[in-house]
2 protein chains.
Amino acid sequence: MSLPATYLQMISTVTGDGELRMELVEQKMPTPKPGQVVVKVEATPINPSDLGVMFGWANLAEAKSSGLGKSTTLTAPVPAQGMRVMKARIDQPLPVGNEGAGTVVAAGLEKIAQELMGRLVAVMGGGMYGQYRCVDAAMCMPLLPGDTAKDGASSFVNPLTALSMIETMRMEGHTALVHTAAASNLGQMLNRICQADGVELVNIVRKPEQAKLLKDMGAKYIVDSSTDTFLADLTDAVHATGATLAFDATGGGTLASTILSAMEGAAARTPGAYSIYGSIKHKQVYLYGGLDTSATVLTRGYGMAWGVGGWLLPNFLAKAGNEVANRLRTRVASELKTTFASHYTDEISLSEALKADIVARYNAKTTGEKFLVCPQLDV
Amino acid sequence: MSLPATYLQMISTVTGDGELRMELVEQKMPTPKPGQVVVKVEATPINPSDLGVMFGWANLAEAKSSGLGKSTTLTAPVPAQGMRVMKARIDQPLPVGNEGAGTVVAAGLEKIAQELMGRLVAVMGGGMYGQYRCVDAAMCMPLLPGDTAKDGASSFVNPLTALSMIETMRMEGHTALVHTAAASNLGQMLNRICQADGVELVNIVRKPEQAKLLKDMGAKYIVDSSTDTFLADLTDAVHATGATLAFDATGGGTLASTILSAMEGAAARTPGAYSIYGSIKHKQVYLYGGLDTSATVLTRGYGMAWGVGGWLLPNFLAKAGNEVANRLRTRVASELKTTFASHYTDEISLSEALKADIVARYNAKTTGEKFLVCPQLDV
């Protein structure tokens with residue numbers, strides 16, 4: 001099979017004069033090194049964690065697209081504060097797209113690469129929003145017979161994040177979890193894992209229909225943050241489960257603080273001497289997303305044994321080590337069409353992903369909507 | 001020596017009808033159990049960590065004192081929000097005063113207690129704002145010959161906090177420290193320890209005279225948060241020291257967030273590929289005080305490898321274990337008049353500590369001012 005001499009790859013650049021620029025750049029087809037393979041990318045999801053790299057702090061309300069086909073370009077102004085925060089990436093062309101799946105169409109001389117020739121694989125390699133991607137063979141996860149590229153496109157980010165939340169819980173001495181934006185693709189996955197593994201999970205949602213969705217899939221603890229009884233309901237659920245660890249996808253505002261208040265309120269129900277310094281068991285909220293880009297506001301009315309911090313999958317996997325990472329990956333491969341199944345509402349081409357009206361839709365991060373980029377569709 | 005039948009002890013109560021009430025309550029002189037001793041308390045400091053237990057969320061601007069001598073009573077209204085936060089302590093009379101020093105005037109039958117009879121000891125036992133205190137002999141640290149009760153009054157809270165900050169730094173893999181309110185009694189102590197131990201320390205102060213005080217005692221890195229160049233200066237100091245851990249006494253506002261921004265800015269100066277998810281080394285700010293009672297506001301412009309949390313000495317010591325705690329205590333006892341010396345600007349009686357005008361002075365937490373309660377002074 002002969003490969004084309006060049007291929008298109010999506011590139012995001014913040015320019016020195018305050019503009020975000022995204023375009024499809026023609027790249028020379030690489031020759032794989034001995035341990036590498038070239039993957040023809042067929043399906044690659046748009047995850048919330050991709051949006052930060054794609055758009056940074058640009059003002060997408062003023063985004064404009066121009067050009068057609070492979071000349072499609074998206075531009076958006078970047079406010080002064082965004083330029084300060086993104087100082088380190090100014091004028092650096094960044095490839096985007098964390099994960100995806102496709103067919104190995106060229107392989108280096110080493111056995112590990114050769115064995116993948118012709119196979120469908122999933123890859124978390126970065127730069128996946130492109131027609132081809134050259135990666136180390138060791139980064140590829142071969143799909144099981146019968147699984148398609150679409151089945152395998154989201155094999156890493158959401159499945160490993162959900163599994164790693166439970167690993168974090170065990171490693172840090174907690175016994176139950178709180179999760180926000182709980183009706184998301186990731187949240188549903190987490191419910192399936194927790195039910196299978198017997199881990200108690202408190203689901204925080206923002207709308208009655210999200211509560212219903214989770215209830216229908218068997219979730220036991222569901223709390224709606226849009227109701228007047230939110231804090232009381234959350235405290236009850238935290239008390240019932242004993243959860244002292246939360247993963248928050250929203251990041252901004254007072255939600256993390258409210259969760260800590262509920263945990264402290266639940267701890268105070270346990271009989272025992274009052275302590276002015278609060279309960280002794282450490283209460284932790286990890287912010288793993290930024291759906292709410294406003295500042296995180298902590299009222300600190302929950303004693304002294306608490307923490308709030310960022311949580312990022314690659315940092316966790318590096319800390320947990322290879323053995324843990326391999327165990328999690330093996331589980332994902334074997335349950336790809338059940339526990340770890342993802343559902344896509346839209347399939348788009350590389351150039352469609354740069355159209356301002358389509359960007360507005362997938363950047364809205366609407367619960368239940370998930371976009372799949374199919375780089376082999378005509379640009 | 002015969003002991004009086006009763007003694008006075010300071011008690012703080014938040015009443016169900018929304019009032020803070022502090023008074024001197026007559027207690028029956030206890031008979032020590034076999035492993036206990038009765039200490040005649042001679043000197044006991046007012047630390048910032050005592051003020052929370054004493055006054056909670058009461059509105060001290062409207063505090064009033066009434067009565068004379070042992071009948072002196074301080075009252076202050078508690079706003080509705082404060083009542084909610086302090087729900088667990090309503091109508092519970094709380095003894096106050098974390099630490100102090102005095103003479104052992106009665107001892108139980110066990111050898112550990114008997115050996116302390118007649119000796120001057122320092123104690124971190126709680127309820128120290130009283131004329132006497134019965135505690136386990138194991139909690140007493142005998143003072144060295146020549147040391148007075150006043151020398152030993154502050155043997156625990158500040159010295160162990162300063163030493164434990166450095167222990168935390170080592171345990172959690174950091175190599176240098178940032179400290180706020182750095183000209184405080186504790187901050188000066190931390191400077192002496194860091195200079196002796198060769199640990200780099202970035203001191204954050206709010207006024208030029210505080211900077212001068214620290215400079216005169218040999219501090220190398222001093223940054224003034226009241227200047228326009230604060231963030232740039234702090235980033236330079238953090239870059240020079242490699243500090244990725246901070247202890248913040250203020251708690252509220254944006255200071256913790258600014259420190260994390262400076263740490264991220266310093267990390268970004270290290271050449272290497274840009275990562276949209278920020279620097280990989282974990283950056284931590286512990287809030288160990290609440291000089292600023294407003295909410296903590298985190299802008300999150302510093303990647304994903306960061307944490308903010310409460311830090312409390314007893315929680316740390318429980319986690320570090322007995323061996324560490326004993327090592328730290330031994331060092332304090334041997335350097336009580338040098339590294340760990342405290343200076344007091346005012347010595348007051350138990351009843352004076354309940355006078356509204358005096359409360360206003362010591363509750364102002366003015367840098368350089370420190371009050372010592374002397375329970376044997378005439379009430």
# chains A, B, ... in the order shown; residues from 1 in each chain; ligands from 1
$ residues_around --residues "Glu335 (chain B)" --least-positions-apart "4" --cutoff "12 Å" --atoms "only C-alpha atoms" --output "PyMOL selection string"
chain B and resi 143-144+147+151-152+155+159+189+192-193+196+328-331+339-342
$ write_last_selection --atoms "N, CA and C atoms" --output "short mmCIF file (atom, residue, chain, number, x, y, z; two decimals), in the first residue's frame"
data_model
loop_
_atom_site.label_atom_id
_atom_site.label_comp_id
_atom_site.auth_asym_id
_atom_site.auth_seq_id
_atom_site.Cartn_x
_atom_site.Cartn_y
_atom_site.Cartn_z
N LEU B 143 11.37 22.16 82.03
CA LEU B 143 12.27 23.20 81.52
C LEU B 143 13.67 22.95 82.05
N LEU B 144 14.66 23.47 81.32
CA LEU B 144 16.04 23.30 81.76
C LEU B 144 16.32 24.26 82.92
N ASP B 147 15.73 28.33 83.16
CA ASP B 147 14.61 28.81 82.35
C ASP B 147 13.41 29.10 83.26
N ASP B 151 9.88 31.97 79.98
CA ASP B 151 10.71 31.42 78.90
C ASP B 151 10.02 30.23 78.24
N GLY B 152 9.34 29.44 79.06
CA GLY B 152 8.79 28.18 78.55
C GLY B 152 7.35 28.25 78.10
N SER B 155 6.44 27.10 74.35
CA SER B 155 7.36 26.03 73.94
C SER B 155 6.81 25.15 72.83
N PRO B 159 7.09 27.08 68.13
CA PRO B 159 8.29 26.29 67.78
C PRO B 159 7.96 25.03 66.97
N MET B 189 11.04 33.11 63.99
CA MET B 189 11.54 31.80 64.42
C MET B 189 11.91 30.95 63.21
N ARG B 192 15.17 31.94 61.78
CA ARG B 192 16.33 31.43 62.54
C ARG B 192 16.59 29.96 62.22
N ILE B 193 15.49 29.16 62.16
CA ILE B 193 15.67 27.73 61.87
C ILE B 193 16.22 27.53 60.46
N ALA B 196 19.83 28.34 60.23
CA ALA B 196 20.64 27.32 60.90
C ALA B 196 20.71 26.03 60.07
N LEU B 328 11.46 16.77 67.42
CA LEU B 328 11.21 18.21 67.37
C LEU B 328 11.16 18.81 68.78
N ARG B 329 10.50 18.11 69.73
CA ARG B 329 10.38 18.63 71.10
C ARG B 329 11.74 18.74 71.77
N THR B 330 12.58 17.76 71.52
CA THR B 330 13.92 17.78 72.12
C THR B 330 14.70 18.99 71.64
N ARG B 331 14.57 19.29 70.35
CA ARG B 331 15.28 20.45 69.81
C ARG B 331 14.75 21.74 70.43
N THR B 339 16.92 30.03 69.43
CA THR B 339 16.09 29.87 68.24
C THR B 339 14.60 30.09 68.53
N PHE B 340 14.14 29.55 69.67
CA PHE B 340 12.70 29.51 69.91
C PHE B 340 12.23 30.54 70.92
N ALA B 341 13.03 31.57 71.16
CA ALA B 341 12.65 32.60 72.13
C ALA B 341 11.45 33.39 71.61
N SER B 342 10.50 33.65 72.51
CA SER B 342 9.36 34.51 72.18
C SER B 342 9.49 35.80 72.99
#
$ interface_residues --of "chain B" --to "chain A" --cutoff "6 Å" --atoms "only C-alpha atoms" --output "NGL selection string"
:B and (295-299 or 304-311)
$ closest_atom_pairs --of "region 43-130 of chain A" --to "region 358-364 of chain A" --cutoff "9 Å" --atoms "only C-alpha atoms" --output "Markdown table"
| residue | atom | partner | partner_atom | distance |
| --- | --- | --- | --- | --- |
| A:Ile46 | CA | A:Tyr362 | CA | 7.9 |
| A:Pro48 | CA | A:Asn363 | CA | 8.1 |
| A:Leu51 | CA | A:Asn363 | CA | 7.1 |
| A:Leu60 | CA | A:Ala360 | CA | 7.5 |
| A:Ala61 | CA | A:Ala360 | CA | 8.0 |
| A:Ala63 | CA | A:Val359 | CA | 8.8 |
$ closest_residue --among "A:Pro77, A:Gly118, A:Pro32, A:Gly130" --to "Thr6 (chain A)" --atoms "only C-alpha atoms"
A:Gly130
$ select_by_dssp --residues "region 125-364 of chain B" --states "strand (DSSP E or B)" --output "PyMOL selection string"
chain B and resi 130+132-136+140-142+176-179+200-205+221-224+245-248+251-253+283-287+292-298+306-310+346-348
$ atom_distance --atom1 "CA of Asp17 (chain A)" --atom2 "CA of Val78 (chain A)"
9.0 Å
$ atom_distance --atom1 "CA of Pro4 (chain B)" --atom2 "CA of Lys28 (chain B)"
9.0 Å
$ select_by_dssp --residues "region 101-158 of chain B" --states "helix (DSSP H, G or I)" --output "number ranges by chain"
B: 111-114, 137-139, 149-152, 157-158
$ write_last_selection --atoms "N, CA, C and O atoms" --output "JSON list (two decimals), in the first residue's frame"
[["chain", "number", "residue", "atom", "x", "y", "z"],
["B", 111, "LYS", "N", 5.58, 6.97, 88.90],
["B", 111, "LYS", "CA", 6.92, 7.55, 88.92],
["B", 111, "LYS", "C", 7.02, 8.76, 87.98],
["B", 111, "LYS", "O", 7.59, 9.80, 88.33],
["B", 112, "ILE", "N", 6.43, 8.62, 86.75],
["B", 112, "ILE", "CA", 6.52, 9.69, 85.76],
["B", 112, "ILE", "C", 5.92, 10.99, 86.30],
["B", 112, "ILE", "O", 6.39, 12.08, 85.97],
["B", 113, "ALA", "N", 4.90, 10.87, 87.15],
["B", 113, "ALA", "CA", 4.27, 12.05, 87.74],
["B", 113, "ALA", "C", 5.08, 12.55, 88.93],
["B", 113, "ALA", "O", 5.40, 13.74, 89.04],
["B", 114, "GLN", "N", 5.48, 11.64, 89.78],
["B", 114, "GLN", "CA", 6.22, 12.00, 90.99],
["B", 114, "GLN", "C", 7.52, 12.74, 90.67],
["B", 114, "GLN", "O", 7.91, 13.67, 91.37],
["B", 137, "ALA", "N", 1.12, 13.50, 82.99],
["B", 137, "ALA", "CA", 2.53, 13.84, 83.17],
["B", 137, "ALA", "C", 3.29, 13.74, 81.84],
["B", 137, "ALA", "O", 4.22, 14.50, 81.58],
["B", 138, "ALA", "N", 2.85, 12.81, 80.98],
["B", 138, "ALA", "CA", 3.54, 12.60, 79.70],
["B", 138, "ALA", "C", 3.44, 13.82, 78.79],
["B", 138, "ALA", "O", 4.22, 13.96, 77.84],
["B", 139, "MET", "N", 2.48, 14.69, 79.06],
["B", 139, "MET", "CA", 2.31, 15.88, 78.22],
["B", 139, "MET", "C", 3.22, 17.02, 78.65],
["B", 139, "MET", "O", 3.25, 18.07, 78.01],
["B", 149, "ALA", "N", 9.14, 30.27, 83.82],
["B", 149, "ALA", "CA", 7.85, 29.93, 83.22],
["B", 149, "ALA", "C", 7.60, 30.78, 81.98],
["B", 149, "ALA", "O", 7.08, 30.32, 80.98],
["B", 150, "LYS", "N", 8.01, 32.05, 82.06],
["B", 150, "LYS", "CA", 7.83, 32.93, 80.91],
["B", 150, "LYS", "C", 8.66, 32.44, 79.72],
["B", 150, "LYS", "O", 8.20, 32.45, 78.58],
["B", 151, "ASP", "N", 9.88, 31.97, 79.98],
["B", 151, "ASP", "CA", 10.71, 31.42, 78.90],
["B", 151, "ASP", "C", 10.02, 30.23, 78.24],
["B", 151, "ASP", "O", 10.13, 30.02, 77.03],
["B", 152, "GLY", "N", 9.34, 29.44, 79.06],
["B", 152, "GLY", "CA", 8.79, 28.18, 78.55],
["B", 152, "GLY", "C", 7.35, 28.25, 78.10],
["B", 152, "GLY", "O", 6.81, 27.26, 77.58],
["B", 157, "VAL", "N", 3.39, 25.68, 70.45],
["B", 157, "VAL", "CA", 2.66, 26.06, 69.24],
["B", 157, "VAL", "C", 3.58, 26.66, 68.18],
["B", 157, "VAL", "O", 3.70, 26.12, 67.07],
["B", 158, "ASN", "N", 4.24, 27.77, 68.48],
["B", 158, "ASN", "CA", 5.09, 28.38, 67.46],
["B", 158, "ASN", "C", 6.33, 27.55, 67.13],
["B", 158, "ASN", "O", 6.60, 27.31, 65.94]]
$ atom_distance --atom1 "CA of Thr13 (chain B)" --atom2 "CA of His239 (chain A)"
27.5 Å
$ closest_residue --among "A:Gln27, A:Gln81, A:Asn322, A:Gln36" --to "Gly127 (chain A)" --atoms "only C-alpha atoms"
A:Gln27
$ residues_around --residues "region 210-224 of chain A" --least-positions-apart "6" --cutoff "7 Å" --atoms "only C-alpha atoms" --output "PyMOL selection string"
chain A and resi 183+191+201-204+230+233-234+237
$ write_last_selection --atoms "N, CA and C atoms" --output "short mmCIF file (atom, residue, chain, number, x, y, z; two decimals), in the first residue's frame"
data_model
loop_
_atom_site.label_atom_id
_atom_site.label_comp_id
_atom_site.auth_asym_id
_atom_site.auth_seq_id
_atom_site.Cartn_x
_atom_site.Cartn_y
_atom_site.Cartn_z
N ALA A 183 -23.76 13.47 34.96
CA ALA A 183 -24.47 12.82 33.85
C ALA A 183 -23.65 12.83 32.57
N ASN A 191 -20.34 5.66 36.91
CA ASN A 191 -21.43 4.93 37.54
C ASN A 191 -21.36 3.44 37.24
N LEU A 201 -21.10 6.03 45.26
CA LEU A 201 -20.85 7.23 44.47
C LEU A 201 -22.00 8.23 44.63
N VAL A 202 -21.65 9.47 44.99
CA VAL A 202 -22.65 10.53 45.06
C VAL A 202 -22.57 11.34 43.77
N ASN A 203 -23.65 11.36 43.00
CA ASN A 203 -23.70 12.05 41.71
C ASN A 203 -24.32 13.44 41.88
N ILE A 204 -23.59 14.49 41.50
CA ILE A 204 -24.15 15.84 41.53
C ILE A 204 -24.48 16.25 40.10
N PHE A 230 -30.16 21.66 48.10
CA PHE A 230 -28.92 21.04 47.63
C PHE A 230 -27.95 20.69 48.77
N ASP A 233 -29.34 17.94 51.02
CA ASP A 233 -29.38 16.66 50.30
C ASP A 233 -27.97 16.09 50.15
N LEU A 234 -27.03 16.97 49.80
CA LEU A 234 -25.65 16.52 49.60
C LEU A 234 -25.06 16.02 50.92
N ALA A 237 -26.34 12.58 51.60
CA ALA A 237 -25.72 11.58 50.73
C ALA A 237 -24.27 11.31 51.14
#
$ closest_residue --among "B:Thr367, B:Asn47, B:Pro93, B:Leu68" --to "Lys207 (chain B)" --atoms "only C-alpha atoms"
B:Thr367
$ residues_around --residues "Thr244 (chain A)" --least-positions-apart "2" --cutoff "10 Å" --atoms "only C-alpha atoms" --output "list in words"
Met169, Gly173, His174, Thr175, Ala176, Leu177, Val178, Val238, His239, Thr241, Gly242, Ala246, Ile259, Leu260, Ala262, Met263, Glu264, Ala266, Ala267, Lys281, His282, Lys283, Gln284, Val285 and Trp306 of chain A
$ write_last_selection --atoms "N, CA and C atoms" --output "mmCIF file, in the first residue's frame"
data_model
loop_
_atom_site.group_PDB
_atom_site.id
_atom_site.type_symbol
_atom_site.label_atom_id
_atom_site.label_comp_id
_atom_site.auth_asym_id
_atom_site.auth_seq_id
_atom_site.Cartn_x
_atom_site.Cartn_y
_atom_site.Cartn_z
ATOM 1 N N MET A 169 -8.857 7.300 44.972
ATOM 2 C CA MET A 169 -9.639 7.088 46.191
ATOM 3 C C MET A 169 -8.965 6.051 47.089
ATOM 4 N N GLY A 173 -6.705 6.698 50.738
ATOM 5 C CA GLY A 173 -7.387 6.296 51.968
ATOM 6 C C GLY A 173 -8.843 6.709 52.098
ATOM 7 N N HIS A 174 -9.501 6.962 50.976
ATOM 8 C CA HIS A 174 -10.935 7.250 51.034
ATOM 9 C C HIS A 174 -11.716 5.988 50.649
ATOM 10 N N THR A 175 -13.039 6.011 50.896
ATOM 11 C CA THR A 175 -13.816 4.796 50.646
ATOM 12 C C THR A 175 -15.038 5.027 49.769
ATOM 13 N N ALA A 176 -15.327 6.266 49.426
ATOM 14 C CA ALA A 176 -16.467 6.563 48.555
ATOM 15 C C ALA A 176 -16.178 7.878 47.842
ATOM 16 N N LEU A 177 -16.965 8.154 46.792
ATOM 17 C CA LEU A 177 -16.670 9.290 45.910
ATOM 18 C C LEU A 177 -17.857 10.225 45.734
ATOM 19 N N VAL A 178 -17.560 11.501 45.503
ATOM 20 C CA VAL A 178 -18.537 12.467 45.007
ATOM 21 C C VAL A 178 -18.061 12.878 43.614
ATOM 22 N N VAL A 238 -23.564 12.369 51.507
ATOM 23 C CA VAL A 238 -22.171 12.217 51.944
ATOM 24 C C VAL A 238 -22.122 11.445 53.262
ATOM 25 N N HIS A 239 -23.081 11.744 54.147
ATOM 26 C CA HIS A 239 -23.146 11.029 55.424
ATOM 27 C C HIS A 239 -23.428 9.541 55.186
ATOM 28 N N THR A 241 -22.801 7.702 52.565
ATOM 29 C CA THR A 241 -21.738 6.992 51.852
ATOM 30 C C THR A 241 -20.383 7.070 52.552
ATOM 31 N N GLY A 242 -20.208 8.087 53.398
ATOM 32 C CA GLY A 242 -18.901 8.298 54.017
ATOM 33 C C GLY A 242 -17.875 8.870 53.054
ATOM 34 N N ALA A 246 -13.861 14.100 46.430
ATOM 35 C CA ALA A 246 -14.730 14.495 45.322
ATOM 36 C C ALA A 246 -13.891 14.846 44.110
ATOM 37 N N ILE A 259 -19.136 21.309 48.570
ATOM 38 C CA ILE A 259 -18.908 19.879 48.805
ATOM 39 C C ILE A 259 -18.142 19.676 50.112
ATOM 40 N N LEU A 260 -17.119 20.513 50.351
ATOM 41 C CA LEU A 260 -16.363 20.401 51.604
ATOM 42 C C LEU A 260 -17.255 20.722 52.802
ATOM 43 N N ALA A 262 -20.440 20.162 53.006
ATOM 44 C CA ALA A 262 -21.298 18.983 53.203
ATOM 45 C C ALA A 262 -20.521 17.871 53.905
ATOM 46 N N MET A 263 -19.262 17.681 53.506
ATOM 47 C CA MET A 263 -18.438 16.641 54.139
ATOM 48 C C MET A 263 -18.219 16.958 55.613
ATOM 49 N N GLU A 264 -17.988 18.244 55.916
ATOM 50 C CA GLU A 264 -17.772 18.631 57.306
ATOM 51 C C GLU A 264 -19.078 18.496 58.090
ATOM 52 N N ALA A 266 -21.433 16.397 57.489
ATOM 53 C CA ALA A 266 -21.659 14.962 57.691
ATOM 54 C C ALA A 266 -20.781 14.443 58.828
ATOM 55 N N ALA A 267 -19.528 14.906 58.869
ATOM 56 C CA ALA A 267 -18.606 14.462 59.924
ATOM 57 C C ALA A 267 -19.111 14.912 61.292
ATOM 58 N N LYS A 281 -10.537 13.777 59.868
ATOM 59 C CA LYS A 281 -10.374 13.042 58.595
ATOM 60 C C LYS A 281 -10.208 14.041 57.442
ATOM 61 N N HIS A 282 -9.182 13.808 56.627
ATOM 62 C CA HIS A 282 -8.904 14.718 55.516
ATOM 63 C C HIS A 282 -10.011 14.651 54.463
ATOM 64 N N LYS A 283 -10.453 15.824 54.051
ATOM 65 C CA LYS A 283 -11.504 15.946 53.030
ATOM 66 C C LYS A 283 -10.889 16.610 51.797
ATOM 67 N N GLN A 284 -11.054 15.998 50.636
ATOM 68 C CA GLN A 284 -10.337 16.450 49.440
ATOM 69 C C GLN A 284 -11.272 16.640 48.260
ATOM 70 N N VAL A 285 -11.119 17.739 47.547
ATOM 71 C CA VAL A 285 -11.812 17.930 46.267
ATOM 72 C C VAL A 285 -10.754 18.156 45.188
ATOM 73 N N TRP A 306 -8.590 19.756 55.119
ATOM 74 C CA TRP A 306 -9.196 19.743 53.791
ATOM 75 C C TRP A 306 -8.160 20.163 52.759
#
